[in-house]
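Engineer: Dropping in query.cif, which is mmCIF, C-alpha atoms:
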```cif
data_run
#
loop_
_atom_site.label_atom_id
_atom_site.label_comp_id
_atom_site.auth_asym_id
_atom_site.auth_seq_id
_atom_site.Cartn_x
_atom_site.Cartn_y
_atom_site.Cartn_z
CA GLY A 1 118.92 80.27 65.73
CA ALA A 2 116.27 80.87 68.43
CA VAL A 3 118.71 81.89 71.15
CA VAL A 4 117.68 83.36 74.47
CA SER A 5 120.36 85.25 76.36
CA GLN A 6 119.97 85.47 80.12
CA HIS A 7 121.97 87.77 82.40
CA PRO A 8 123.54 87.68 84.85
CA SER A 9 124.57 84.04 85.05
CA TRP A 10 125.08 84.39 88.76
CA VAL A 11 124.52 87.06 91.38
CA ILE A 12 125.07 87.41 95.10
CA CYS A 13 123.05 90.03 96.93
CA LYS A 14 122.39 91.10 100.48
CA SER A 15 119.15 90.31 102.18
CA GLY A 16 116.60 93.08 101.64
CA THR A 17 117.96 94.28 98.32
CA SER A 18 116.45 93.78 94.86
CA VAL A 19 117.92 91.93 91.93
CA LYS A 20 116.97 92.19 88.26
CA ILE A 21 117.42 89.31 85.82
CA GLU A 22 117.21 89.97 82.07
CA CYS A 23 116.16 87.61 79.34
CA ARG A 24 116.62 88.63 75.70
CA SER A 25 115.64 86.82 72.53
CA LEU A 26 118.58 87.46 70.20
CA ASP A 27 117.34 86.48 66.76
CA PHE A 28 113.60 86.23 67.03
CA GLN A 29 110.64 88.00 68.58
CA ALA A 30 109.29 86.42 71.73
CA THR A 31 105.67 87.32 72.28
CA THR A 32 105.52 85.10 75.32
CA MET A 33 108.24 84.29 77.80
CA PHE A 34 108.14 82.01 80.81
CA TRP A 35 110.00 82.26 84.10
CA TYR A 36 110.96 79.18 86.09
CA ARG A 37 112.64 78.59 89.43
CA GLN A 38 114.65 75.52 90.31
CA PHE A 39 115.88 74.57 93.76
CA PRO A 40 118.81 72.15 94.15
CA LYS A 41 118.02 68.56 93.21
CA GLN A 42 114.51 69.55 92.16
CA SER A 43 112.74 70.05 88.87
CA LEU A 44 111.80 73.35 87.26
CA MET A 45 108.74 75.09 88.62
CA LEU A 46 106.89 77.59 86.46
CA MET A 47 106.58 80.93 88.21
CA ALA A 48 104.86 83.09 85.64
CA THR A 49 104.02 83.64 82.00
CA SER A 50 105.03 86.98 80.56
CA ASN A 51 103.28 88.46 77.52
CA GLU A 52 104.65 91.46 75.67
CA GLY A 53 102.76 94.61 76.52
CA SER A 54 100.53 93.10 79.18
CA LYS A 55 100.65 91.99 82.78
CA ALA A 56 102.26 88.70 83.61
CA THR A 57 100.22 85.72 84.73
CA TYR A 58 101.55 84.21 87.93
CA GLU A 59 101.23 80.61 89.05
CA GLN A 60 99.41 79.85 92.25
CA GLY A 61 101.57 80.53 95.28
CA VAL A 62 103.97 82.93 93.53
CA GLU A 63 103.94 86.42 95.03
CA LYS A 64 103.50 88.88 92.18
CA ASP A 65 104.62 91.82 94.33
CA LYS A 66 107.84 90.06 95.17
CA PHE A 67 108.67 88.75 91.71
CA LEU A 68 108.08 91.64 89.34
CA ILE A 69 107.99 90.71 85.68
CA ASN A 70 108.19 93.22 82.86
CA HIS A 71 107.91 92.33 79.18
CA ALA A 72 108.05 95.74 77.56
CA SER A 73 109.34 94.65 74.16
CA LEU A 74 109.27 91.61 71.91
CA THR A 75 112.89 90.83 72.72
CA LEU A 76 113.22 91.57 76.43
CA SER A 77 111.62 90.27 79.59
CA THR A 78 112.91 91.01 83.07
CA LEU A 79 112.35 89.41 86.46
CA THR A 80 113.04 91.53 89.53
CA VAL A 81 113.27 89.80 92.88
CA THR A 82 112.35 92.49 95.37
CA SER A 83 113.44 92.55 99.00
CA ALA A 84 115.30 89.31 98.51
CA HIS A 85 115.70 86.86 101.38
CA PRO A 86 117.88 83.77 101.71
CA GLU A 87 114.92 81.53 100.87
CA ASP A 88 114.77 83.22 97.43
CA SER A 89 118.17 81.76 96.64
CA SER A 90 117.59 79.56 93.64
CA PHE A 91 118.29 78.99 89.94
CA TYR A 92 116.04 81.18 87.80
CA ILE A 93 115.48 80.28 84.15
CA CYS A 94 113.60 82.05 81.38
CA SER A 95 112.13 80.48 78.28
CA ALA A 96 110.50 81.50 75.01
CA SER A 97 108.74 79.60 72.28
CA ILE A 98 110.83 78.57 69.28
CA PRO A 99 109.55 80.07 66.03
CA GLY A 100 108.65 77.44 63.48
CA ILE A 101 108.54 74.53 65.93
CA LEU A 102 105.02 74.08 67.16
CA TYR A 103 105.06 74.25 70.93
CA GLY A 104 108.85 74.05 71.07
CA TYR A 105 110.76 76.22 73.51
CA THR A 106 114.24 77.63 73.99
CA PHE A 107 115.68 78.36 77.39
CA GLY A 108 118.11 80.84 78.83
CA SER A 109 121.23 79.56 80.54
CA GLY A 110 119.84 80.41 83.94
CA THR A 111 120.76 82.77 86.78
CA ARG A 112 122.07 81.45 90.08
CA LEU A 113 120.84 83.83 92.80
CA THR A 114 122.39 83.66 96.25
CA VAL A 115 120.99 85.92 98.94
CA VAL A 116 123.24 86.38 101.97
CA ASP B 1 97.49 68.09 82.64
CA ALA B 2 98.34 64.54 81.66
CA LYS B 3 101.13 63.08 83.76
CA THR B 4 104.32 61.39 82.61
CA THR B 5 106.30 58.75 84.48
CA GLN B 6 110.04 58.29 84.00
CA PRO B 7 112.67 56.29 85.86
CA ASN B 8 114.60 58.42 88.31
CA SER B 9 117.95 57.41 86.90
CA MET B 10 119.64 55.36 84.21
CA GLU B 11 123.20 54.47 83.37
CA SER B 12 124.87 53.88 80.07
CA ASN B 13 128.33 53.30 78.70
CA GLU B 14 129.96 55.68 76.29
CA GLU B 15 129.30 54.99 72.60
CA GLU B 16 126.44 52.62 73.38
CA PRO B 17 122.78 53.34 72.55
CA VAL B 18 120.51 54.60 75.31
CA HIS B 19 116.77 54.09 75.48
CA LEU B 20 115.01 56.43 77.87
CA PRO B 21 111.40 55.39 78.53
CA CYS B 22 108.41 57.55 79.35
CA ASN B 23 104.91 56.43 80.24
CA HIS B 24 101.95 58.71 79.61
CA SER B 25 98.89 56.52 79.85
CA THR B 26 96.46 59.46 80.17
CA ILE B 27 97.69 61.24 77.06
CA SER B 28 95.00 62.92 74.99
CA GLY B 29 94.74 63.12 71.23
CA THR B 30 96.06 66.68 71.07
CA ASP B 31 99.04 66.20 73.40
CA TYR B 32 102.44 66.55 71.83
CA ILE B 33 105.28 64.56 73.40
CA HIS B 34 108.31 66.73 74.09
CA TRP B 35 111.75 65.80 75.32
CA TYR B 36 114.12 68.28 76.87
CA ARG B 37 117.39 67.75 78.67
CA GLN B 38 119.19 69.80 81.27
CA LEU B 39 122.93 69.69 81.74
CA PRO B 40 124.27 70.67 85.17
CA SER B 41 123.86 74.37 85.98
CA GLN B 42 122.29 75.13 82.61
CA GLY B 43 118.83 75.80 81.26
CA PRO B 44 116.96 72.95 79.57
CA GLU B 45 117.68 72.19 75.94
CA TYR B 46 115.13 71.07 73.36
CA VAL B 47 115.81 67.54 72.14
CA ILE B 48 112.87 66.37 70.08
CA HIS B 49 109.10 66.26 69.95
CA GLY B 50 106.38 64.30 68.18
CA LEU B 51 102.67 63.61 68.01
CA THR B 52 102.04 60.14 66.56
CA SER B 53 104.82 59.10 64.21
CA ASN B 54 108.40 58.29 65.14
CA VAL B 55 110.74 61.22 64.71
CA ASN B 56 114.44 61.56 64.03
CA ASN B 57 116.77 64.53 64.26
CA ARG B 58 120.48 65.08 64.65
CA MET B 59 120.32 64.66 68.40
CA ALA B 60 118.06 61.70 68.91
CA SER B 61 115.13 59.58 67.80
CA LEU B 62 111.70 59.45 69.35
CA ALA B 63 109.77 56.22 69.19
CA ILE B 64 106.08 56.58 70.01
CA ALA B 65 103.95 53.55 70.84
CA GLU B 66 101.00 52.90 68.58
CA ASP B 67 98.54 53.65 71.38
CA ARG B 68 100.64 56.70 72.35
CA LYS B 69 100.64 55.67 75.99
CA SER B 70 104.40 55.48 76.06
CA SER B 71 107.41 56.76 74.19
CA THR B 72 111.15 56.19 74.14
CA LEU B 73 113.92 58.67 73.54
CA ILE B 74 116.82 57.00 71.79
CA LEU B 75 120.35 58.32 71.88
CA HIS B 76 122.14 56.26 69.27
CA ARG B 77 125.65 56.61 70.65
CA ALA B 78 125.92 58.11 74.09
CA THR B 79 128.78 60.46 74.83
CA LEU B 80 129.94 61.88 78.13
CA ARG B 81 128.30 65.17 77.12
CA ASP B 82 124.92 63.45 77.05
CA ALA B 83 124.96 63.08 80.83
CA ALA B 84 121.98 65.17 81.89
CA VAL B 85 118.47 65.09 83.29
CA TYR B 86 116.04 64.16 80.53
CA TYR B 87 112.46 65.39 80.79
CA CYS B 88 109.50 63.89 78.96
CA ILE B 89 106.70 66.46 78.81
CA LEU B 90 103.21 66.48 77.35
CA ASN B 91 101.98 69.78 76.05
CA LYS B 92 98.31 70.36 75.40
CA GLU B 93 97.40 72.77 72.67
CA THR B 94 95.00 74.52 75.03
CA SER B 95 97.32 74.89 78.02
CA GLY B 96 98.59 78.34 77.15
CA SER B 97 101.69 76.78 75.66
CA ARG B 98 103.43 76.34 78.97
CA LEU B 99 105.65 73.43 79.84
CA THR B 100 105.21 71.56 83.10
CA PHE B 101 108.34 69.69 84.13
CA GLY B 102 108.27 66.43 86.06
CA GLU B 103 111.24 64.92 87.85
CA GLY B 104 112.92 63.56 84.73
CA THR B 105 115.55 60.85 84.37
CA GLN B 106 119.13 61.47 85.44
CA LEU B 107 121.31 59.82 82.80
CA THR B 108 124.84 58.88 83.79
CA VAL B 109 127.26 57.98 81.01
CA ASN B 110 130.24 55.90 82.00
CA PRO B 111 133.51 56.21 80.10
#
```
Represent the structure of the file as structure tokens.
Structural biologist:
Amino acid sequence: GAVVSQHPSWVICKSGTSVKIECRSLDFQATTMFWYRQFPKQSLMLMATSNEGSKATYEQGVEKDKFLINHASLTLSTLTVTSAHPEDSSFYICSASIPGILYGYTFGSGTRLTVV
Amino acid sequence: DAKTTQPNSMESNEEEPVHLPCNHSTISGTDYIHWYRQLPSQGPEYVIHGLTSNVNNRMASLAIAEDRKSSTLILHRATLRDAAVYYCILNKETSGSRLTFGEGTQLTVNP
């Protein structure tokens, strides 16, 4: 149980275009989801916290107008990278809390974004 | 947030036990100790967590020092599939339930 499905697993886009990444909780309701970014050989960095029905909270240094987060339902959160540039190429991962395990979390399988 | 310190890398042989250490000398009374692991090109996976007492589950055991300033993740019989980056994370109850990842320990399992 407590599975988070993330799509797509990889995407290549042209510079200047936008890309949407979806994160769905399959068998539970996720009130709060988290979005991380991971560059090669580095650890995960939290980008933003997404709460259902309200605006996302972004970490310091993350451009909210560039990384649009929508959490319109209890099972779906989306991250849209707008006007993507090569420096946005990274591994993006979503996460949600695991019901029944205090402060436990389940993660999506990640999305490898390459901007060319 | 309280900081954790882990070795950058460790090696083990297949079918042998592995003890992955984590120091967290500034841990507070309400910090839970979480362990996650990340296989290559995948999202992190929950391994185990605890507060004060040692914990066991099907994946691993967590041994927590009496003063809680350190902990050890124990894989009883390492397999090649256990090769991953292991993250020891403290999570405060008042932090908005967000996880802050450090650099973790890269575990290599030799056949």
Engineer: Counting only C-alpha atoms, a student should be able to say which residues of chain A come within 8 Å of chain B; what is the right answer, written as a PyMOL selection string?
Structural biologist: chain A and resi 34+42-46+49+93+103-110
Engineer: Would you mind exporting the chosen residues as a PDB file, in the frame of the given file, restricted to C-alpha atoms?
Structural biologist:
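File written: part_4.pdb
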```pdb
ATOM      1  CA  PHE A  34     108.140  82.010  80.810  1.00  0.00           C
ATOM      2  CA  GLN A  42     114.510  69.550  92.160  1.00  0.00           C
ATOM      3  CA  SER A  43     112.740  70.050  88.870  1.00  0.00           C
ATOM      4  CA  LEU A  44     111.800  73.350  87.260  1.00  0.00           C
ATOM      5  CA  MET A  45     108.740  75.090  88.620  1.00  0.00           C
ATOM      6  CA  LEU A  46     106.890  77.590  86.460  1.00  0.00           C
ATOM      7  CA  THR A  49     104.020  83.640  82.000  1.00  0.00           C
ATOM      8  CA  ILE A  93     115.480  80.280  84.150  1.00  0.00           C
ATOM      9  CA  TYR A 103     105.060  74.250  70.930  1.00  0.00           C
ATOM     10  CA  GLY A 104     108.850  74.050  71.070  1.00  0.00           C
ATOM     11  CA  TYR A 105     110.760  76.220  73.510  1.00  0.00           C
ATOM     12  CA  THR A 106     114.240  77.630  73.990  1.00  0.00           C
ATOM     13  CA  PHE A 107     115.680  78.360  77.390  1.00  0.00           C
ATOM     14  CA  GLY A 108     118.110  80.840  78.830  1.00  0.00           C
ATOM     15  CA  SER A 109     121.230  79.560  80.540  1.00  0.00           C
ATOM     16  CA  GLY A 110     119.840  80.410  83.940  1.00  0.00           C
TER      17      GLY A 110
END
```
Engineer: Counting all atoms listed in the file, figure out which residue out of A:Ser95, A:Gln6, A:Gly16, A:Arg24 gets nearest to Leu76 (chain A).
Structural biologist: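 For Leu76 (chain A), the nearest of the candidates is A:Arg24.
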Engineer: Selection in question (the file shown): the PyMOL selection byres ((chain A and resi 15) around 8). Which residues does it include, as a ChimeraX atom specification?
Structural biologist: /A:13-14,16-17,83-86,115-116
Engineer: List the residues selected by the PyMOL selection byres ((chain B and resi 16) around 12) in the file shown, writing them as JSON, numbers by chain.
Structural biologist: {"B": [11, 12, 13, 14, 15, 17, 18, 19, 74, 75, 76, 77, 78, 79, 80, 82, 109, 110, 111]}
Engineer: Provide the CA of His71 (chain A) to CA of Val11 (chain A) distance in Å, to one decimal place.
Structural biologist: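 Computed distance, CA of His71 (chain A) to CA of Val11 (chain A), equals 21.3 Å.
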Engineer: Between CA of Cys88 (chain B) and CA of Cys23 (chain A), what is the distance, to one decimal in Å?
Structural biologist: 24.6 Å
Engineer: Between CA of Phe28 (chain A) and CA of Leu74 (chain A), measure the distance and give it in Å to one decimal.
Structural biologist: 8.5 Å
Engineer: Using all atoms listed in the file, determine which residues lie at most 10 Å from Glu66 (chain B), disregarding the query and same-chain residues fewer than 4 positions distant; provide the list as a ChimeraX atom specification.
Structural biologist: /B:52-54,70-71
Engineer: Anything within 7 Å of (118.0, 88.9, 81.3): list those residues as number ranges by chain, counting all atoms listed in the file and sticking to the file's coordinates.
Structural biologist: A: 5-8, 21-24, 77-78
Engineer: Counting all atoms listed in the file, write as a PDB file with C-alpha atoms, in the coordinates of the input all protein and nucleic acid residues lying at most 9 Å from (108.6, 52.6, 77.4) in the file's frame.
Structural biologist:
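The resulting file, result24.pdb, is shown below:
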```pdb
ATOM      1  CA  GLN B   6     110.040  58.290  84.000  1.00  0.00           C
ATOM      2  CA  HIS B  19     116.770  54.090  75.480  1.00  0.00           C
ATOM      3  CA  LEU B  20     115.010  56.430  77.870  1.00  0.00           C
ATOM      4  CA  PRO B  21     111.400  55.390  78.530  1.00  0.00           C
ATOM      5  CA  CYS B  22     108.410  57.550  79.350  1.00  0.00           C
ATOM      6  CA  ASN B  23     104.910  56.430  80.240  1.00  0.00           C
ATOM      7  CA  ILE B  64     106.080  56.580  70.010  1.00  0.00           C
ATOM      8  CA  ALA B  65     103.950  53.550  70.840  1.00  0.00           C
ATOM      9  CA  LYS B  69     100.640  55.670  75.990  1.00  0.00           C
ATOM     10  CA  SER B  70     104.400  55.480  76.060  1.00  0.00           C
ATOM     11  CA  SER B  71     107.410  56.760  74.190  1.00  0.00           C
ATOM     12  CA  THR B  72     111.150  56.190  74.140  1.00  0.00           C
ATOM     13  CA  LEU B  73     113.920  58.670  73.540  1.00  0.00           C
TER      14      LEU B  73
END
```
Engineer: Nearest to Ser90 (chain A) among A:Asn51, A:Ser18, A:Leu113, A:Thr57, with distances taken over only C-alpha atoms: which residue is it?
Structural biologist: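 Under the stated criterion, the closest residue is A:Leu113.
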Engineer: Decode the PyMOL selection byres ((chain A and resi 69) around 9) for the given file into explicit residues and return them as a list in words.
Structural biologist: Trp35, Ala48, Thr49, Ser50, Lys55, Ala56, Lys64, Phe67, Leu68, Asn70, His71, Ser77, Thr78, Leu79, Thr80 and Val81 of chain A
Engineer: Can you fill out region 105-116 of chain A with all heavy atoms and hand it back as a PDB file, in the coordinates of the input?
Structural biologist:
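The new file part.pdb reads:
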```
ATOM      1  N   TYR A 105     110.319  75.118  72.672  1.00  0.00           N
ATOM      2  CA  TYR A 105     110.760  76.220  73.510  1.00  0.00           C
ATOM      3  C   TYR A 105     112.289  76.261  73.581  1.00  0.00           C
ATOM      4  O   TYR A 105     112.951  75.240  73.530  1.00  0.00           O
ATOM      5  CB  TYR A 105     110.206  76.063  74.926  1.00  0.00           C
ATOM      6  CG  TYR A 105     108.697  75.987  74.951  1.00  0.00           C
ATOM      7  CD1 TYR A 105     108.059  74.784  74.711  1.00  0.00           C
ATOM      8  CD2 TYR A 105     107.935  77.124  75.166  1.00  0.00           C
ATOM      9  CE1 TYR A 105     106.678  74.704  74.689  1.00  0.00           C
ATOM     10  CE2 TYR A 105     106.550  77.055  75.150  1.00  0.00           C
ATOM     11  CZ  TYR A 105     105.926  75.848  74.908  1.00  0.00           C
ATOM     12  OH  TYR A 105     104.570  75.775  74.876  1.00  0.00           O
ATOM     13  N   THR A 106     112.810  77.466  73.739  1.00  0.00           N
ATOM     14  CA  THR A 106     114.240  77.630  73.990  1.00  0.00           C
ATOM     15  C   THR A 106     114.409  78.286  75.343  1.00  0.00           C
ATOM     16  O   THR A 106     113.576  79.102  75.760  1.00  0.00           O
ATOM     17  CB  THR A 106     114.911  78.462  72.873  1.00  0.00           C
ATOM     18  OG1 THR A 106     116.314  78.512  73.102  1.00  0.00           O
ATOM     19  CG2 THR A 106     114.357  79.882  72.805  1.00  0.00           C
ATOM     20  N   PHE A 107     115.471  77.916  76.024  1.00  0.00           N
ATOM     21  CA  PHE A 107     115.680  78.360  77.390  1.00  0.00           C
ATOM     22  C   PHE A 107     116.939  79.192  77.519  1.00  0.00           C
ATOM     23  O   PHE A 107     117.909  78.988  76.798  1.00  0.00           O
ATOM     24  CB  PHE A 107     115.781  77.156  78.327  1.00  0.00           C
ATOM     25  CG  PHE A 107     114.482  76.442  78.536  1.00  0.00           C
ATOM     26  CD1 PHE A 107     114.006  75.555  77.586  1.00  0.00           C
ATOM     27  CD2 PHE A 107     113.726  76.663  79.680  1.00  0.00           C
ATOM     28  CE1 PHE A 107     112.804  74.900  77.751  1.00  0.00           C
ATOM     29  CE2 PHE A 107     112.522  76.012  79.861  1.00  0.00           C
ATOM     30  CZ  PHE A 107     112.052  75.134  78.903  1.00  0.00           C
ATOM     31  N   GLY A 108     116.905  80.132  78.467  1.00  0.00           N
ATOM     32  CA  GLY A 108     118.110  80.840  78.830  1.00  0.00           C
ATOM     33  C   GLY A 108     119.036  79.914  79.615  1.00  0.00           C
ATOM     34  O   GLY A 108     118.639  78.808  80.019  1.00  0.00           O
ATOM     35  N   SER A 109     120.240  80.380  79.841  1.00  0.00           N
ATOM     36  CA  SER A 109     121.230  79.560  80.540  1.00  0.00           C
ATOM     37  C   SER A 109     121.065  79.578  82.047  1.00  0.00           C
ATOM     38  O   SER A 109     121.752  78.852  82.754  1.00  0.00           O
ATOM     39  CB  SER A 109     122.642  80.010  80.165  1.00  0.00           C
ATOM     40  OG  SER A 109     122.767  81.397  80.416  1.00  0.00           O
ATOM     41  N   GLY A 110     120.135  80.406  82.523  1.00  0.00           N
ATOM     42  CA  GLY A 110     119.840  80.410  83.940  1.00  0.00           C
ATOM     43  C   GLY A 110     120.655  81.441  84.728  1.00  0.00           C
ATOM     44  O   GLY A 110     121.735  81.853  84.317  1.00  0.00           O
ATOM     45  N   THR A 111     120.097  81.836  85.866  1.00  0.00           N
ATOM     46  CA  THR A 111     120.760  82.770  86.780  1.00  0.00           C
ATOM     47  C   THR A 111     120.758  82.161  88.177  1.00  0.00           C
ATOM     48  O   THR A 111     119.691  81.835  88.708  1.00  0.00           O
ATOM     49  CB  THR A 111     120.024  84.119  86.836  1.00  0.00           C
ATOM     50  OG1 THR A 111     120.071  84.735  85.549  1.00  0.00           O
ATOM     51  CG2 THR A 111     120.665  85.043  87.879  1.00  0.00           C
ATOM     52  N   ARG A 112     121.951  81.983  88.714  1.00  0.00           N
ATOM     53  CA  ARG A 112     122.070  81.450  90.080  1.00  0.00           C
ATOM     54  C   ARG A 112     122.043  82.634  91.045  1.00  0.00           C
ATOM     55  O   ARG A 112     122.957  83.446  91.052  1.00  0.00           O
ATOM     56  CB  ARG A 112     123.389  80.689  90.223  1.00  0.00           C
ATOM     57  CG  ARG A 112     123.670  80.198  91.641  1.00  0.00           C
ATOM     58  CD  ARG A 112     122.865  78.981  91.971  1.00  0.00           C
ATOM     59  NE  ARG A 112     123.097  77.878  91.048  1.00  0.00           N
ATOM     60  CZ  ARG A 112     122.328  76.802  90.965  1.00  0.00           C
ATOM     61  NH1 ARG A 112     121.272  76.692  91.742  1.00  0.00           N
ATOM     62  NH2 ARG A 112     122.612  75.858  90.104  1.00  0.00           N
ATOM     63  N   LEU A 113     120.982  82.744  91.816  1.00  0.00           N
ATOM     64  CA  LEU A 113     120.840  83.830  92.800  1.00  0.00           C
ATOM     65  C   LEU A 113     121.152  83.299  94.190  1.00  0.00           C
ATOM     66  O   LEU A 113     120.553  82.310  94.629  1.00  0.00           O
ATOM     67  CB  LEU A 113     119.428  84.402  92.764  1.00  0.00           C
ATOM     68  CG  LEU A 113     119.072  85.391  93.894  1.00  0.00           C
ATOM     69  CD1 LEU A 113     119.947  86.634  93.814  1.00  0.00           C
ATOM     70  CD2 LEU A 113     117.592  85.774  93.834  1.00  0.00           C
ATOM     71  N   THR A 114     122.072  83.981  94.853  1.00  0.00           N
ATOM     72  CA  THR A 114     122.390  83.660  96.250  1.00  0.00           C
ATOM     73  C   THR A 114     122.159  84.902  97.078  1.00  0.00           C
ATOM     74  O   THR A 114     122.740  85.955  96.800  1.00  0.00           O
ATOM     75  CB  THR A 114     123.846  83.195  96.400  1.00  0.00           C
ATOM     76  OG1 THR A 114     124.071  82.059  95.555  1.00  0.00           O
ATOM     77  CG2 THR A 114     124.144  82.824  97.849  1.00  0.00           C
ATOM     78  N   VAL A 115     121.295  84.798  98.055  1.00  0.00           N
ATOM     79  CA  VAL A 115     120.990  85.920  98.940  1.00  0.00           C
ATOM     80  C   VAL A 115     121.655  85.658 100.286  1.00  0.00           C
ATOM     81  O   VAL A 115     121.411  84.609 100.921  1.00  0.00           O
ATOM     82  CB  VAL A 115     119.473  86.101  99.110  1.00  0.00           C
ATOM     83  CG1 VAL A 115     119.187  87.344  99.951  1.00  0.00           C
ATOM     84  CG2 VAL A 115     118.788  86.210  97.757  1.00  0.00           C
ATOM     85  N   VAL A 116     122.483  86.589 100.712  1.00  0.00           N
ATOM     86  CA  VAL A 116     123.240  86.380 101.970  1.00  0.00           C
ATOM     87  C   VAL A 116     122.806  87.389 103.044  1.00  0.00           C
ATOM     88  O   VAL A 116     122.152  88.379 102.737  1.00  0.00           O
ATOM     89  CB  VAL A 116     124.751  86.499 101.727  1.00  0.00           C
ATOM     90  CG1 VAL A 116     125.212  85.414 100.773  1.00  0.00           C
ATOM     91  CG2 VAL A 116     125.111  87.884 101.206  1.00  0.00           C
TER      92      VAL A 116
END
```
